[in-house]
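So this one's work_31.tsv, TSV, C-alpha atoms:
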```
chain	number	residue	atom	x	y	z
A	1	MET	CA	13.43	25.12	82.04
A	2	LYS	CA	13.14	21.36	81.56
A	3	LYS	CA	13.19	21.85	77.81
A	4	TYR	CA	16.41	23.92	78.10
A	5	ILE	CA	18.12	21.28	80.26
A	6	PHE	CA	17.08	18.52	77.84
A	7	THR	CA	18.47	20.48	74.87
A	8	LEU	CA	21.74	21.15	76.70
A	9	LEU	CA	22.16	17.49	77.58
A	10	CYS	CA	21.56	16.52	73.95
A	11	MET	CA	24.20	19.01	72.81
A	12	LEU	CA	26.72	17.62	75.28
A	13	ALA	CA	25.93	14.03	74.29
A	14	CYS	CA	26.23	14.62	70.56
A	15	VAL	CA	29.93	15.47	70.41
A	16	GLY	CA	31.26	14.19	67.13
A	17	ALA	CA	31.77	14.98	63.48
A	18	ALA	CA	29.13	17.40	62.19
A	19	ALA	CA	26.80	16.51	59.32
A	20	GLN	CA	28.64	18.98	57.06
A	21	ASP	CA	32.01	17.24	57.60
A	22	ARG	CA	32.74	15.49	54.30
A	23	LEU	CA	35.52	14.63	51.87
A	24	TYR	CA	34.55	14.73	48.20
A	25	ILE	CA	35.55	15.32	44.57
A	26	ASN	CA	33.46	17.67	42.45
A	27	ASP	CA	31.93	16.26	39.25
A	28	PHE	CA	34.10	16.83	36.16
A	29	SER	CA	34.43	15.91	32.48
A	30	ILE	CA	37.44	14.34	30.75
A	31	ASP	CA	38.29	13.35	27.17
A	32	ALA	CA	39.60	9.95	26.12
A	33	GLY	CA	43.40	9.89	26.50
A	34	GLU	CA	43.40	13.09	28.57
A	35	THR	CA	45.20	13.66	31.90
A	36	LYS	CA	43.33	16.00	34.24
A	37	THR	CA	44.26	17.45	37.64
A	38	VAL	CA	41.57	16.69	40.24
A	39	GLU	CA	41.07	18.18	43.71
A	40	ILE	CA	39.82	16.34	46.79
A	41	GLN	CA	37.79	18.84	48.80
A	42	LEU	CA	37.40	18.81	52.60
A	43	ASP	CA	34.56	20.61	54.37
A	44	ASN	CA	35.15	20.32	58.09
A	45	ALA	CA	33.17	22.19	60.74
A	46	THR	CA	35.01	19.83	63.13
A	47	THR	CA	38.76	20.33	63.59
A	48	PHE	CA	40.80	17.43	62.20
A	49	THR	CA	44.51	16.58	62.28
A	50	ALA	CA	44.56	13.39	60.15
A	51	LEU	CA	42.48	11.74	57.43
A	52	GLN	CA	42.17	8.37	55.70
A	53	ALA	CA	40.12	7.62	52.57
A	54	ASP	CA	39.84	4.83	49.98
A	55	ILE	CA	39.51	5.98	46.34
A	56	TYR	CA	37.59	3.60	44.06
A	57	LEU	CA	38.10	4.29	40.35
A	58	PRO	CA	36.02	2.75	37.53
A	59	GLU	CA	37.51	1.00	34.53
A	60	GLY	CA	39.01	3.48	32.07
A	61	LEU	CA	40.36	5.87	34.71
A	62	SER	CA	43.62	5.62	36.70
A	63	ILE	CA	45.78	7.72	39.03
A	64	GLU	CA	49.12	9.02	37.72
A	65	GLN	CA	52.17	7.19	39.10
A	66	GLU	CA	55.93	7.58	39.04
A	67	ASP	CA	58.32	4.69	39.76
A	68	GLY	CA	55.35	2.67	41.07
A	69	GLU	CA	54.24	5.40	43.52
A	70	TYR	CA	50.93	7.22	43.25
A	71	LEU	CA	51.41	10.98	42.93
A	72	PHE	CA	49.34	12.89	45.49
A	73	ASP	CA	50.08	16.45	46.62
A	74	LEU	CA	48.80	18.33	49.67
A	75	THR	CA	47.63	21.93	49.25
A	76	ASP	CA	48.47	24.84	51.58
A	77	ARG	CA	45.74	23.64	53.95
A	78	LYS	CA	48.29	21.21	55.44
A	79	ALA	CA	50.40	22.08	58.49
A	80	ARG	CA	54.21	22.14	58.15
A	81	ASN	CA	54.64	18.48	59.08
A	82	HIS	CA	51.60	17.01	57.34
A	83	THR	CA	52.49	14.28	54.85
A	84	ILE	CA	50.43	12.09	52.52
A	85	SER	CA	51.07	8.43	51.76
A	86	SER	CA	49.18	5.91	49.63
A	87	THR	CA	48.82	2.17	49.22
A	88	LEU	CA	46.99	-0.12	46.77
A	89	LEU	CA	44.40	-2.31	48.54
A	90	SER	CA	43.42	-5.85	47.49
A	91	SER	CA	39.99	-4.46	46.51
A	92	GLY	CA	41.69	-2.30	43.85
A	93	ALA	CA	41.07	0.92	45.77
A	94	VAL	CA	43.90	3.35	46.55
A	95	ARG	CA	44.04	4.30	50.24
A	96	ILE	CA	45.48	7.71	51.18
A	97	LEU	CA	46.62	8.71	54.66
A	98	ILE	CA	47.21	12.34	55.66
A	99	ALA	CA	48.86	12.91	59.04
A	100	SER	CA	51.26	15.16	60.96
A	101	GLN	CA	54.11	14.13	63.25
A	102	THR	CA	53.22	16.93	65.64
A	103	VAL	CA	49.42	16.43	65.53
A	104	LYS	CA	48.82	19.79	63.81
A	105	GLU	CA	45.36	20.90	62.70
A	106	ILE	CA	44.37	21.05	59.02
A	107	SER	CA	44.01	24.73	58.09
A	108	GLY	CA	40.64	26.30	57.27
A	109	ASN	CA	37.26	24.61	57.20
A	110	SER	CA	36.68	24.13	53.45
A	111	GLY	CA	38.53	23.91	50.15
A	112	ALA	CA	40.92	21.63	48.29
A	113	LEU	CA	43.17	19.48	50.49
A	114	VAL	CA	44.70	17.04	47.96
A	115	THR	CA	45.47	17.28	44.24
A	116	PHE	CA	46.32	14.44	41.86
A	117	ASN	CA	46.14	13.59	38.16
A	118	ILE	CA	43.47	11.32	36.64
A	119	ILE	CA	44.41	9.55	33.39
A	120	ALA	CA	41.63	8.52	30.97
A	121	ASP	CA	42.11	5.51	28.69
A	122	ALA	CA	42.03	6.14	24.94
A	123	SER	CA	38.79	4.14	24.71
A	124	LEU	CA	36.96	5.98	27.51
A	125	SER	CA	33.32	6.85	26.81
A	126	GLY	CA	30.10	7.56	28.67
A	127	THR	CA	29.76	8.46	32.35
A	128	LYS	CA	31.73	6.94	35.22
A	129	THR	CA	31.65	7.17	39.00
A	130	ILE	CA	34.55	7.73	41.41
A	131	GLU	CA	33.83	6.79	45.02
A	132	LEU	CA	35.48	7.88	48.29
A	133	ARG	CA	34.78	5.24	50.94
A	134	ASN	CA	36.02	4.34	54.43
A	135	VAL	CA	36.69	8.02	55.19
A	136	VAL	CA	38.06	8.34	58.73
A	137	ALA	CA	39.03	11.72	60.25
A	138	THR	CA	40.97	12.14	63.51
A	139	THR	CA	40.61	15.08	65.92
A	140	PRO	CA	43.46	16.65	68.00
A	141	GLN	CA	42.24	14.49	70.90
A	142	GLY	CA	42.85	11.31	68.85
A	143	ILE	CA	39.11	10.61	68.39
A	144	GLU	CA	38.26	8.99	65.06
A	145	HIS	CA	35.07	9.92	63.16
A	146	GLN	CA	33.62	7.99	60.21
A	147	LEU	CA	32.67	10.51	57.51
A	148	PRO	CA	30.08	9.68	54.84
A	149	ALA	CA	31.10	8.00	51.59
A	150	THR	CA	30.79	10.33	48.58
A	151	THR	CA	30.63	9.91	44.80
A	152	CYS	CA	31.84	11.98	41.85
A	153	THR	CA	30.32	11.74	38.37
A	154	VAL	CA	32.89	11.78	35.55
A	155	THR	CA	31.57	12.60	32.07
A	156	GLY	CA	33.62	11.13	29.25
A	157	PRO	CA	33.10	11.37	25.48
A	158	GLY	CA	29.46	10.68	24.65
A	159	GLY	CA	28.40	11.31	28.24
A	160	GLY	CA	25.59	13.68	29.08
A	161	GLU	CA	23.74	12.94	25.82
A	162	GLU	CA	20.80	11.39	27.66
A	163	PRO	CA	19.20	11.87	31.07
A	164	PRO	CA	20.78	9.95	33.97
A	165	VAL	CA	19.22	6.76	35.33
A	166	THR	CA	16.29	7.27	37.67
A	167	GLY	CA	15.62	5.95	41.14
A	168	ASP	CA	13.44	3.28	39.47
A	169	ASP	CA	16.44	1.66	37.75
A	170	ARG	CA	17.64	-1.20	39.95
A	171	LEU	CA	18.78	-4.82	39.92
A	172	TYR	CA	17.65	-6.91	42.89
A	173	ILE	CA	16.66	-10.32	44.31
A	174	ASN	CA	13.42	-10.60	46.25
A	175	ASP	CA	13.62	-11.88	49.83
A	176	PHE	CA	13.08	-15.63	50.11
A	177	SER	CA	13.28	-18.56	52.52
A	178	ILE	CA	15.24	-21.79	52.12
A	179	ALA	CA	15.57	-24.97	54.15
A	180	ALA	CA	18.93	-26.36	55.25
A	181	GLY	CA	20.26	-28.68	52.51
A	182	GLU	CA	17.74	-27.36	49.97
A	183	THR	CA	18.42	-26.14	46.41
A	184	LYS	CA	16.17	-23.26	45.34
A	185	THR	CA	15.79	-21.40	42.03
A	186	VAL	CA	16.25	-17.65	42.48
A	187	GLU	CA	15.41	-14.80	40.08
A	188	ILE	CA	17.41	-11.59	39.61
A	189	GLN	CA	14.89	-8.85	38.82
A	190	LEU	CA	15.59	-5.78	36.69
A	191	ASP	CA	13.43	-2.64	36.87
A	192	ASN	CA	14.64	-0.20	34.22
A	193	ALA	CA	12.89	3.03	33.30
A	194	THR	CA	16.09	3.69	31.30
A	195	THR	CA	16.79	1.47	28.27
A	196	PHE	CA	19.82	-0.81	28.77
A	197	THR	CA	21.67	-3.19	26.47
A	198	ALA	CA	24.21	-4.69	28.90
A	199	LEU	CA	24.62	-5.25	32.65
A	200	GLN	CA	27.34	-6.17	35.11
A	201	ALA	CA	26.84	-7.08	38.79
A	202	ASP	CA	28.84	-8.69	41.62
A	203	ILE	CA	26.92	-11.24	43.75
A	204	TYR	CA	28.12	-11.53	47.37
A	205	LEU	CA	26.88	-14.66	49.14
A	206	PRO	CA	27.11	-15.27	52.91
A	207	ASP	CA	28.57	-18.41	54.50
A	208	GLY	CA	26.18	-21.35	54.12
A	209	LEU	CA	24.89	-20.43	50.65
A	210	SER	CA	26.47	-21.13	47.26
A	211	ILE	CA	25.61	-20.94	43.55
A	212	GLU	CA	25.12	-24.21	41.64
A	213	GLN	CA	27.99	-25.14	39.32
A	214	GLU	CA	28.72	-27.71	36.64
A	215	ASP	CA	32.27	-28.62	35.55
A	216	GLY	CA	33.55	-25.57	37.45
A	217	GLU	CA	31.14	-23.17	35.69
A	218	TYR	CA	28.42	-21.23	37.50
A	219	LEU	CA	24.98	-21.98	36.03
A	220	PHE	CA	23.11	-18.78	35.15
A	221	ASP	CA	20.24	-18.58	32.67
A	222	LEU	CA	18.71	-15.56	30.95
A	223	THR	CA	14.93	-15.24	30.74
A	224	ASP	CA	12.92	-14.18	27.69
A	225	ARG	CA	13.72	-10.53	28.48
A	226	LYS	CA	17.03	-10.94	26.63
A	227	ALA	CA	17.48	-10.12	22.96
A	228	ARG	CA	18.42	-12.91	20.51
A	229	ASN	CA	22.15	-12.38	20.88
A	230	HIS	CA	22.33	-11.66	24.62
A	231	THR	CA	24.61	-14.00	26.59
A	232	ILE	CA	25.59	-14.24	30.24
A	233	SER	CA	29.06	-15.06	31.58
A	234	SER	CA	30.43	-15.27	35.12
A	235	THR	CA	33.76	-14.92	36.92
A	236	LEU	CA	34.84	-15.62	40.50
A	237	LEU	CA	36.55	-12.50	41.91
A	238	SER	CA	39.37	-12.46	44.48
A	239	SER	CA	36.88	-10.94	46.97
A	240	GLY	CA	34.80	-14.15	46.78
A	241	ALA	CA	31.99	-12.46	44.83
A	242	VAL	CA	30.69	-13.88	41.56
A	243	ARG	CA	30.59	-11.29	38.78
A	244	ILE	CA	28.00	-11.72	36.03
A	245	LEU	CA	28.11	-9.93	32.66
A	246	ILE	CA	25.11	-9.76	30.34
A	247	ALA	CA	25.80	-8.42	26.84
A	248	SER	CA	24.72	-8.65	23.21
A	249	GLN	CA	26.95	-8.86	20.15
A	250	THR	CA	24.55	-6.63	18.24
A	251	VAL	CA	23.90	-4.07	21.03
A	252	LYS	CA	20.24	-5.08	21.40
A	253	GLU	CA	17.97	-3.64	24.09
A	254	ILE	CA	16.83	-5.74	27.05
A	255	SER	CA	13.10	-6.36	26.57
A	256	GLY	CA	10.49	-4.80	28.84
A	257	ASN	CA	11.02	-2.51	31.79
A	258	SER	CA	10.53	-4.89	34.74
A	259	GLY	CA	10.62	-8.57	35.67
A	260	ALA	CA	13.07	-11.44	36.06
A	261	LEU	CA	16.19	-11.22	33.87
A	262	VAL	CA	18.39	-14.02	35.30
A	263	THR	CA	17.65	-17.32	37.07
A	264	PHE	CA	20.07	-19.52	38.99
A	265	ASN	CA	20.05	-22.10	41.78
A	266	ILE	CA	21.08	-21.35	45.37
A	267	ILE	CA	22.34	-24.30	47.45
A	268	ALA	CA	21.99	-24.17	51.26
A	269	ASP	CA	24.43	-26.05	53.50
A	270	ALA	CA	22.98	-28.77	55.71
A	271	SER	CA	23.80	-26.71	58.82
A	272	LEU	CA	22.27	-23.44	57.59
A	273	SER	CA	20.07	-21.55	60.08
A	274	GLY	CA	18.97	-18.04	60.95
A	275	THR	CA	18.90	-15.14	58.49
A	276	LYS	CA	21.47	-14.31	55.83
A	277	THR	CA	22.00	-11.47	53.37
A	278	ILE	CA	22.82	-11.66	49.66
A	279	GLU	CA	24.23	-8.44	48.19
A	280	LEU	CA	24.36	-7.16	44.62
A	281	ARG	CA	27.16	-4.59	44.33
A	282	ASN	CA	29.07	-2.79	41.56
A	283	VAL	CA	25.99	-2.86	39.33
A	284	VAL	CA	26.82	-1.17	36.01
A	285	ALA	CA	24.23	-0.82	33.24
A	286	THR	CA	25.08	0.26	29.66
A	287	THR	CA	22.75	2.12	27.30
A	288	THR	CA	22.46	1.82	23.52
A	289	GLN	CA	24.77	4.87	23.25
A	290	GLY	CA	27.47	3.00	25.19
A	291	ILE	CA	27.02	5.15	28.31
A	292	GLU	CA	27.62	3.29	31.58
A	293	HIS	CA	25.48	4.03	34.64
A	294	GLN	CA	26.20	2.93	38.21
A	295	LEU	CA	23.00	1.46	39.71
A	296	PRO	CA	22.48	1.25	43.48
A	297	ALA	CA	23.67	-1.77	45.45
A	298	THR	CA	20.78	-3.90	46.77
A	299	THR	CA	20.34	-6.60	49.42
A	300	CYS	CA	18.15	-9.69	49.73
A	301	THR	CA	17.21	-11.25	53.08
A	302	VAL	CA	17.31	-15.05	53.14
A	303	THR	CA	15.45	-16.78	55.99
A	304	ALA	CA	16.75	-20.28	56.67
A	305	SER	CA	14.98	-23.04	58.58
A	306	GLY	CA	15.73	-22.80	62.28
A	307	GLY	CA	14.44	-19.31	62.94
A	308	SER	CA	14.66	-15.72	61.79
A	309	VAL	CA	17.42	-14.65	64.17
A	310	THR	CA	21.01	-15.22	63.11
A	311	PRO	CA	22.94	-17.09	65.83
A	312	PRO	CA	25.94	-15.25	67.21
A	313	ASP	CA	29.13	-15.77	65.26
A	314	PRO	CA	31.46	-17.96	67.34
A	315	GLN	CA	34.42	-16.21	65.79
A	316	PRO	CA	35.33	-12.70	66.97
A	317	GLU	CA	34.90	-9.97	64.36
A	318	GLY	CA	36.01	-6.40	63.83
A	319	VAL	CA	39.26	-4.49	64.22
A	320	ALA	CA	40.26	-2.31	67.20
A	321	LEU	CA	43.98	-1.64	67.62
A	322	ASN	CA	45.68	-1.14	70.98
A	323	THR	CA	47.07	2.18	69.66
A	324	THR	CA	46.47	4.34	66.56
A	325	MET	CA	49.52	6.61	66.71
A	326	ALA	CA	53.18	6.00	67.62
A	327	ARG	CA	56.68	7.43	67.18
A	328	LEU	CA	59.65	5.05	67.09
A	329	GLN	CA	63.37	5.70	67.02
A	330	LEU	CA	65.34	3.77	64.41
A	331	GLY	CA	65.59	0.12	65.43
A	332	GLU	CA	62.75	0.31	67.94
A	333	THR	CA	59.77	-2.03	67.71
A	334	LEU	CA	56.10	-1.81	68.65
A	335	GLN	CA	53.68	-4.72	69.09
A	336	LEU	CA	50.28	-3.88	67.59
A	337	VAL	CA	47.35	-6.01	68.73
A	338	ASN	CA	43.79	-6.37	67.45
A	339	THR	CA	41.97	-6.22	70.78
A	340	THR	CA	38.81	-7.91	69.42
A	341	GLY	CA	40.76	-11.15	68.98
A	342	ALA	CA	39.77	-11.57	65.33
A	343	ALA	CA	42.46	-12.75	62.93
A	344	VAL	CA	43.84	-9.90	60.79
A	345	THR	CA	46.40	-9.33	58.07
A	346	TRP	CA	48.97	-6.54	58.53
A	347	THR	CA	50.27	-4.16	55.85
A	348	SER	CA	52.52	-1.10	55.79
A	349	SER	CA	52.03	1.78	53.36
A	350	ASN	CA	55.78	2.50	53.52
A	351	PRO	CA	57.68	-0.70	54.39
A	352	ALA	CA	61.06	0.90	53.61
A	353	ALA	CA	60.57	3.21	56.60
A	354	VAL	CA	58.32	1.14	58.89
A	355	ALA	CA	57.92	-2.62	58.47
A	356	VAL	CA	55.31	-4.92	60.02
A	357	ASP	CA	55.36	-8.71	60.20
A	358	ALA	CA	52.49	-11.19	60.06
A	359	ASN	CA	52.00	-10.95	63.84
A	360	GLY	CA	51.71	-7.14	63.99
A	361	LEU	CA	55.27	-6.47	65.19
A	362	VAL	CA	56.30	-3.04	63.86
A	363	THR	CA	59.97	-2.11	63.28
A	364	ALA	CA	61.38	1.38	62.55
A	365	LEU	CA	63.90	1.08	59.69
A	366	SER	CA	64.51	4.60	58.36
A	367	ASN	CA	63.24	8.18	58.65
A	368	GLY	CA	59.65	8.42	57.47
A	369	MET	CA	56.00	7.72	58.20
A	370	ALA	CA	53.71	4.78	57.40
A	371	ALA	CA	50.15	3.67	57.97
A	372	ILE	CA	50.12	0.20	59.51
A	373	THR	CA	46.74	-1.32	58.60
A	374	ALA	CA	45.05	-4.36	60.14
A	375	THR	CA	42.28	-5.94	58.03
A	376	ASP	CA	39.96	-8.77	59.08
A	377	ALA	CA	38.38	-11.47	56.90
A	378	HIS	CA	35.33	-9.25	56.25
A	379	GLY	CA	37.40	-6.35	54.90
A	380	ARG	CA	37.02	-4.18	58.00
A	381	SER	CA	40.19	-2.35	58.95
A	382	GLN	CA	41.87	0.16	61.24
A	383	TRP	CA	45.24	1.84	60.87
A	384	CYS	CA	47.96	3.15	63.14
A	385	ALA	CA	50.13	6.09	62.03
A	386	VAL	CA	53.78	5.36	62.88
A	387	TRP	CA	56.68	7.80	62.51
A	388	SER	CA	60.21	6.42	62.34
A	389	TYR	CA	63.00	8.86	63.19
A	390	GLN	CA	66.63	9.16	64.22
A	391	ARG	CA	67.11	9.98	67.91
A	392	GLY	CA	66.63	13.72	68.29
A	393	ASP	CA	65.56	14.20	64.64
A	394	LEU	CA	61.87	14.93	65.30
A	395	ASN	CA	61.01	16.51	61.95
A	396	GLY	CA	62.65	13.70	59.93
A	397	ASP	CA	64.97	15.92	57.89
A	398	GLY	CA	68.02	13.73	58.61
A	399	LYS	CA	69.68	16.11	61.06
A	400	VAL	CA	69.31	17.21	64.66
A	401	ASP	CA	69.00	20.99	65.03
A	402	VAL	CA	67.04	23.78	66.74
A	403	GLU	CA	63.85	22.94	64.80
A	404	ASP	CA	63.80	19.53	66.46
A	405	VAL	CA	64.17	21.16	69.88
A	406	ASN	CA	61.22	23.47	69.15
A	407	ILE	CA	59.07	20.50	68.10
A	408	ASP	CA	59.98	18.66	71.30
A	409	ILE	CA	58.99	21.69	73.38
A	410	ASN	CA	55.67	22.01	71.53
A	411	ILE	CA	54.91	18.32	72.15
A	412	ILE	CA	55.61	18.79	75.88
A	413	LEU	CA	53.38	21.88	75.95
A	414	GLY	CA	50.64	20.03	74.07
A	415	LYS	CA	50.74	22.32	71.03
```

Now, as a test, write the supplied structure out as structure tokens.
Amino acid sequence: MKKYIFTLLCMLACVGAAAQDRLYINDFSIDAGETKTVEIQLDNATTFTALQADIYLPEGLSIEQEDGEYLFDLTDRKARNHTISSTLLSSGAVRILIASQTVKEISGNSGALVTFNIIADASLSGTKTIELRNVVATTPQGIEHQLPATTCTVTGPGGGEEPPVTGDDRLYINDFSIAAGETKTVEIQLDNATTFTALQADIYLPDGLSIEQEDGEYLFDLTDRKARNHTISSTLLSSGAVRILIASQTVKEISGNSGALVTFNIIADASLSGTKTIELRNVVATTTQGIEHQLPATTCTVTASGGSVTPPDPQPEGVALNTTMARLQLGETLQLVNTTGAAVTWTSSNPAAVAVDANGLVTALSNGMAAITATDAHGRSQWCAVWSYQRGDLNGDGKVDVEDVNIDINIILGK
């Protein structure tokens, strides 16, 4: 009896998105210069009414556009009033938002939900990876669930000619300690069961740590693992990460299959304390056949003098909006607020219909729908779906008729 009660309590406590709830793109192949229609699949044991996802495309692949707008189409799984909108993020990802004015459920529990065209550059070769990140699904009760990120392998010309990279292939920095005000030499290690000729990686440093520079150039050195013509270059990205690129003019292999590949100096601020994390992301390794492989992101723990526990951040962090859904008549305004107190930037996916100013004040301008997104300094975000409509015109078709009355009745009845 006790076991039954315990199981029942666990079932009641674990209300949320099921493990099989996921948004994904099936693996596919594409030729250089080809345009291919791709489907975004949704498996949802949980009932959802709205979805958000960020699509990260590799170099050589792009989404078809028309007049500056990305072309996404919803399949028959949508309800009558479901719409899809998209916006280009500062990270380079394309965010899609699927929502319904009348909070209708997405039909079925599996199958294609969105279709769009992928365009391959004329020089495309090897294998690429498309990622779906920041996938947020909303239930009819307005509860948001974070769904897992998923990846899709795209095989271009020359792809599939060799086995994929193994779990042993990785680029990483070993954990280390550093004193406040100290400069320490750090090694980037490469373990590669697969043979590589070139590497790219983005280094994300926390506050309090920086990479040594000279005359505005980051100082990176290659070890003896390089071939004679290997060089290393670096670029500061808009995200604040430092991207390194290791390549050889004569497509030579990187020597050995483990050990330090790059050395550089880390400088700690005089006030540094606690623990910090260095991240290596967007790690792309190229084989002798020109095939690119996405290696896993890795982290390095840095222990600074002053203890192993990071002091609390005096600045508030995170994004939590005072509302995530609203309907405004033309000319009406809505004040959105980040309740955590952290500073955020505001954007609208459809500013012609719904505008937002730098302080989060939303204004309904014309019939339509937009995702108003608040993003903090760490890239975390939350969005509010806002419908702008003419008084009485609930379905946004530019006229007031019996369909609008039926929608109003359904809203009152909770349908």

request  = Would you kindly identify which residues have an atom no farther than 8 Å from (45.4, -3.2, 68.0), using only C-alpha atoms and the file's own coordinates, and write them out as a count of residues only?
outcome  = 11

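What separates CA of Leu171 (chain A) from CA of Tyr56 (chain A) is a distance of 21.0 Å.
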
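Distance annotation: of A:Thr151, A:Ser123, A:Ser233, A:Thr115, the residue with the minimal separation from Arg22 (chain A) is A:Thr151; atom set is only C-alpha atoms.
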
Quiz prompt | Exercise: Gly111 (chain A) partners within 7 Å, all atoms listed in the file, chain neighbours under 3 positions left out, as a PyMOL selection string | solution = chain A and resi 41-43

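Closest approach to Pro351 (chain A) from the set A:Leu236, A:Ser85, A:Val242, A:Ile98 is made by A:Ser85, with distances taken over only C-alpha atoms.
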
Could you build a table of the residues in region 192-251 of chain A lying no more than 7 Å from region 271-278 of chain A, giving for each the nearest pair of atoms and their separation in Å rounded to one decimal place, using all atoms listed in the file, ordered by chain and ascending residue number, as CSV?
```
residue,atom,partner,partner_atom,distance
A:Tyr204,CA,A:Ile278,CA,5.8
A:Leu205,CA,A:Ile278,CA,5.1
A:Pro206,CA,A:Thr277,CA,6.4
A:Gly208,CA,A:Leu272,CA,5.6
```

Between CA of Asn406 (chain A) and CA of Ile84 (chain A) lies a distance of 22.9 Å

* To do: Dump as a list of chain:residue names all residues having an atom at most 6 Å from (38.2, 8.1, 59.2), computed in the file's coordinates with all atoms listed in the file.
  => A:Leu51, A:Gln52, A:Val135, A:Val136, A:Ala137, A:Glu144, A:His145, A:Gln146

Selection above as a file: C-alpha atoms, as a compact mmCIF listing (two decimals), keeping the file's coordinate frame:
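Result file is again.txt:
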```
# COMPACT_ATOMS: atom_id res chain seq x y z
CA LEU A 51 42.48 11.74 57.43
CA GLN A 52 42.17 8.37 55.70
CA VAL A 135 36.69 8.02 55.19
CA VAL A 136 38.06 8.34 58.73
CA ALA A 137 39.03 11.72 60.25
CA GLU A 144 38.26 8.99 65.06
CA HIS A 145 35.07 9.92 63.16
CA GLN A 146 33.62 7.99 60.21
```

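Excluding region 262-268 of chain A itself and same-chain residues fewer than 5 positions from it, the residues having an atom within 6 Å of it are Ala180, Gly181, Glu182, Thr183, Lys184, Thr185, Val186, Glu187, Ile188, Gly208, Leu209, Ser210, Ile211, Glu212, Phe220, Asp221, Leu222 and Thr223 of chain A, counting all atoms listed in the file.
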
Selection file, C-alpha atoms, as a PDB file, in the coordinates of the input:
```pdb
ATOM      1  CA  ALA A 180      18.930 -26.360  55.250  1.00  0.00           C
ATOM      2  CA  GLY A 181      20.260 -28.680  52.510  1.00  0.00           C
ATOM      3  CA  GLU A 182      17.740 -27.360  49.970  1.00  0.00           C
ATOM      4  CA  THR A 183      18.420 -26.140  46.410  1.00  0.00           C
ATOM      5  CA  LYS A 184      16.170 -23.260  45.340  1.00  0.00           C
ATOM      6  CA  THR A 185      15.790 -21.400  42.030  1.00  0.00           C
ATOM      7  CA  VAL A 186      16.250 -17.650  42.480  1.00  0.00           C
ATOM      8  CA  GLU A 187      15.410 -14.800  40.080  1.00  0.00           C
ATOM      9  CA  ILE A 188      17.410 -11.590  39.610  1.00  0.00           C
ATOM     10  CA  GLY A 208      26.180 -21.350  54.120  1.00  0.00           C
ATOM     11  CA  LEU A 209      24.890 -20.430  50.650  1.00  0.00           C
ATOM     12  CA  SER A 210      26.470 -21.130  47.260  1.00  0.00           C
ATOM     13  CA  ILE A 211      25.610 -20.940  43.550  1.00  0.00           C
ATOM     14  CA  GLU A 212      25.120 -24.210  41.640  1.00  0.00           C
ATOM     15  CA  PHE A 220      23.110 -18.780  35.150  1.00  0.00           C
ATOM     16  CA  ASP A 221      20.240 -18.580  32.670  1.00  0.00           C
ATOM     17  CA  LEU A 222      18.710 -15.560  30.950  1.00  0.00           C
ATOM     18  CA  THR A 223      14.930 -15.240  30.740  1.00  0.00           C
TER      19      THR A 223
END
```

Computed gap from CA of Val284 (chain A) to CA of Ser125 (chain A) is 13.8 Å

- If we count only C-alpha atoms, what is near Gly108 (chain A) at a cut-off of 12 Å, once residues fewer than 6 positions away on the same chain are taken out, given as a PyMOL selection string? chain A and resi 41-49+75-79

Please identify all polymer residues within 9 Å of region 380-391 of chain A, counting all atoms listed in the file, omitting same-chain residues fewer than 6 positions from it, and present them as a tab-separated table (two decimals) with C-alpha atoms, in the frame of the given file.
```tsv
chain	number	residue	atom	x	y	z
A	52	GLN	CA	42.17	8.37	55.70
A	97	LEU	CA	46.62	8.71	54.66
A	99	ALA	CA	48.86	12.91	59.04
A	101	GLN	CA	54.11	14.13	63.25
A	317	GLU	CA	34.90	-9.97	64.36
A	318	GLY	CA	36.01	-6.40	63.83
A	319	VAL	CA	39.26	-4.49	64.22
A	320	ALA	CA	40.26	-2.31	67.20
A	321	LEU	CA	43.98	-1.64	67.62
A	323	THR	CA	47.07	2.18	69.66
A	324	THR	CA	46.47	4.34	66.56
A	325	MET	CA	49.52	6.61	66.71
A	326	ALA	CA	53.18	6.00	67.62
A	327	ARG	CA	56.68	7.43	67.18
A	328	LEU	CA	59.65	5.05	67.09
A	329	GLN	CA	63.37	5.70	67.02
A	330	LEU	CA	65.34	3.77	64.41
A	331	GLY	CA	65.59	0.12	65.43
A	332	GLU	CA	62.75	0.31	67.94
A	336	LEU	CA	50.28	-3.88	67.59
A	344	VAL	CA	43.84	-9.90	60.79
A	353	ALA	CA	60.57	3.21	56.60
A	354	VAL	CA	58.32	1.14	58.89
A	362	VAL	CA	56.30	-3.04	63.86
A	363	THR	CA	59.97	-2.11	63.28
A	364	ALA	CA	61.38	1.38	62.55
A	365	LEU	CA	63.90	1.08	59.69
A	366	SER	CA	64.51	4.60	58.36
A	367	ASN	CA	63.24	8.18	58.65
A	368	GLY	CA	59.65	8.42	57.47
A	369	MET	CA	56.00	7.72	58.20
A	370	ALA	CA	53.71	4.78	57.40
A	371	ALA	CA	50.15	3.67	57.97
A	372	ILE	CA	50.12	0.20	59.51
A	373	THR	CA	46.74	-1.32	58.60
A	374	ALA	CA	45.05	-4.36	60.14
A	398	GLY	CA	68.02	13.73	58.61
A	399	LYS	CA	69.68	16.11	61.06
A	400	VAL	CA	69.31	17.21	64.66
```

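In terms of minimum interatomic distance to Ile246 (chain A), A:Asp202 ranks closest within A:Asp202, A:Asp31, A:Asp401, A:Asp21, counting all atoms listed in the file.
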
Residues near Ala53 (chain A), anyone? I mean within 6 Å using all atoms listed in the file, not counting same-chain ones fewer than 2 positions away, as a compact mmCIF listing (two decimals) with C-alpha atoms, keeping the file's coordinate frame.
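Result file out23.txt:
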```txt
# COMPACT_ATOMS: atom_id res chain seq x y z
CA ARG A 95 44.04 4.30 50.24
CA ILE A 96 45.48 7.71 51.18
CA ASN A 134 36.02 4.34 54.43
CA VAL A 135 36.69 8.02 55.19
```
